[in-house]
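Report on the following structure.
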Amino acid sequence: MLRIRVFGRSSTSVSLGSICLEKKQPETFSRGSFFGDSHLLGVSEGAVATAVSLEMSLVQVLSRQVLLRGLAQFPSEAEHFDNLTAKVNYLESQVDNAPRP
């Protein structure tokens with residue numbers, strides 16, 4: 001079992017195996033899962049978590065800094081990410097304003 005720290009302002013994808021995020025409500029992510037996309041886009045504040053591999057796993061992390069460098073090299077893609085960020089902001093505001101049961 002391997003423990004790693006996952007820092008905010010990044011997105012993490014699980015390419016192989018499975019991991020568990022240690023927090024109040026533990027979450028398990030398996031092949032094809034990802035988390036942290038709103039942190040990567042700058043929509044929500046970065047967070048720090050501990051991820052524990054449950055088996056041999058391949059995990060890829062994309063930091064916001066690397067994303068911004070890539071967008072600087074391909075400015076035509078920046079508009080796509082601006083639109084994506086706006087959609088995520090809108091959806092999160094809808095969830096935040098939804099009536100509570």
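Please note that chains go A, B, ... in the order of the structure tokens, that every chain numbers its residues from 1, and that ligands are numbered from 1 in the order shown.
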Backbone DSSP call of strand (DSSP E) for chain A, listed as a ChimeraX atom specification: /A:3-6,10-16,18-22,27-30,34-35,49-53,58-63
12 Å contact set for range 86-100 of chain A, only C-alpha atoms, chain neighbours under 5 positions out, as a list in words: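 The filter keeps Asp37, Ser38, His39, Leu40, Leu41, Gly42, Val43, Ser44, Glu79, His80 and Phe81 of chain A.
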Where does range 74-96 of chain A meet range 53-67 of chain A within 12 Å, residue by residue, with the nearest atom pair and distance in Å to one decimal for each, counting only C-alpha atoms, listed by chain and rising number, as a tab-separated table?
residue	atom	partner	partner_atom	distance
A:Phe74	CA	A:Leu67	CA	10.5
A:Pro75	CA	A:Leu67	CA	11.6
A:Glu77	CA	A:Leu67	CA	10.8
A:Ala78	CA	A:Leu67	CA	9.9
A:Phe81	CA	A:Leu67	CA	10.0
Produce a file of the selected residues containing N, CA and C atoms, as an mmCIF file, in the first residue's frame.
data_model
loop_
_atom_site.group_PDB
_atom_site.id
_atom_site.type_symbol
_atom_site.label_atom_id
_atom_site.label_comp_id
_atom_site.auth_asym_id
_atom_site.auth_seq_id
_atom_site.Cartn_x
_atom_site.Cartn_y
_atom_site.Cartn_z
ATOM 1 N N PHE A 74 -1.018 27.181 -26.993
ATOM 2 C CA PHE A 74 -2.137 26.949 -27.911
ATOM 3 C C PHE A 74 -3.305 27.854 -27.512
ATOM 4 N N PRO A 75 -3.189 29.164 -27.787
ATOM 5 C CA PRO A 75 -4.188 30.125 -27.328
ATOM 6 C C PRO A 75 -5.603 29.849 -27.840
ATOM 7 N N GLU A 77 -7.117 27.169 -27.794
ATOM 8 C CA GLU A 77 -7.770 26.248 -26.860
ATOM 9 C C GLU A 77 -8.222 26.957 -25.587
ATOM 10 N N ALA A 78 -7.672 28.135 -25.301
ATOM 11 C CA ALA A 78 -8.006 28.852 -24.071
ATOM 12 C C ALA A 78 -9.495 29.172 -24.002
ATOM 13 N N PHE A 81 -11.481 26.291 -22.644
ATOM 14 C CA PHE A 81 -11.369 26.139 -21.195
ATOM 15 C C PHE A 81 -12.110 27.242 -20.452
#
Members of range 19-90 of chain A assigned helix (DSSP H, G or I) by DSSP, as a VMD selection string: chain A and resid 37 to 40 64 to 73 75 to 90
Non-local contacts of Val6 in chain A (9 Å; only C-alpha atoms; under 3 positions in same chain excluded) as a ChimeraX atom specification: /A:10,12,47-51,61
For CA of Glu45 in chain A and CA of Lys24 in chain A, the interatomic separation in Å (one decimal): 18.1 Å
Atomic separation - CA of Gly36 in chain A relative to CA of Ser76 in chain A, Å: 23.7 Å
Residue neighbourhood Val14 in chain A, 6 Å, only C-alpha atoms, exclusion window fewer than 6 positions, as a list in words: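 The residues satisfying every condition are Arg31, Gly32, Ser33 and Val59 of chain A.
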Using the selection just defined, write its residues with all heavy atoms as a PDB file, in the first residue's frame.
ATOM      1  N   ARG A  31     -10.020   2.622 -12.273  1.00  0.00           N
ATOM      2  CA  ARG A  31      -9.585   2.926 -13.640  1.00  0.00           C
ATOM      3  C   ARG A  31     -10.625   3.782 -14.374  1.00  0.00           C
ATOM      4  O   ARG A  31     -11.807   3.456 -14.394  1.00  0.00           O
ATOM      5  CB  ARG A  31      -9.367   1.619 -14.389  1.00  0.00           C
ATOM      6  CG  ARG A  31      -8.858   1.818 -15.770  1.00  0.00           C
ATOM      7  CD  ARG A  31      -8.633   0.505 -16.449  1.00  0.00           C
ATOM      8  NE  ARG A  31      -8.079   0.730 -17.761  1.00  0.00           N
ATOM      9  CZ  ARG A  31      -7.742  -0.222 -18.578  1.00  0.00           C
ATOM     10  NH1 ARG A  31      -7.883  -1.469 -18.227  1.00  0.00           N
ATOM     11  NH2 ARG A  31      -7.246   0.060 -19.747  1.00  0.00           N
ATOM     12  N   GLY A  32     -10.157   4.881 -14.940  1.00  0.00           N
ATOM     13  CA  GLY A  32     -11.027   5.783 -15.691  1.00  0.00           C
ATOM     14  C   GLY A  32     -11.617   6.901 -14.844  1.00  0.00           C
ATOM     15  O   GLY A  32     -12.228   7.825 -15.371  1.00  0.00           O
ATOM     16  N   SER A  33     -11.434   6.848 -13.531  1.00  0.00           N
ATOM     17  CA  SER A  33     -11.961   7.882 -12.642  1.00  0.00           C
ATOM     18  C   SER A  33     -11.013   9.077 -12.597  1.00  0.00           C
ATOM     19  O   SER A  33      -9.827   8.946 -12.851  1.00  0.00           O
ATOM     20  CB  SER A  33     -12.106   7.342 -11.217  1.00  0.00           C
ATOM     21  OG  SER A  33     -12.976   6.259 -11.170  1.00  0.00           O
ATOM     22  N   VAL A  59      -1.393   6.510 -11.570  1.00  0.00           N
ATOM     23  CA  VAL A  59      -2.150   7.728 -11.334  1.00  0.00           C
ATOM     24  C   VAL A  59      -1.422   8.875 -12.019  1.00  0.00           C
ATOM     25  O   VAL A  59      -0.213   9.011 -11.885  1.00  0.00           O
ATOM     26  CB  VAL A  59      -2.273   8.001  -9.816  1.00  0.00           C
ATOM     27  CG1 VAL A  59      -3.006   9.290  -9.546  1.00  0.00           C
ATOM     28  CG2 VAL A  59      -2.956   6.834  -9.125  1.00  0.00           C
TER      29      VAL A  59
END
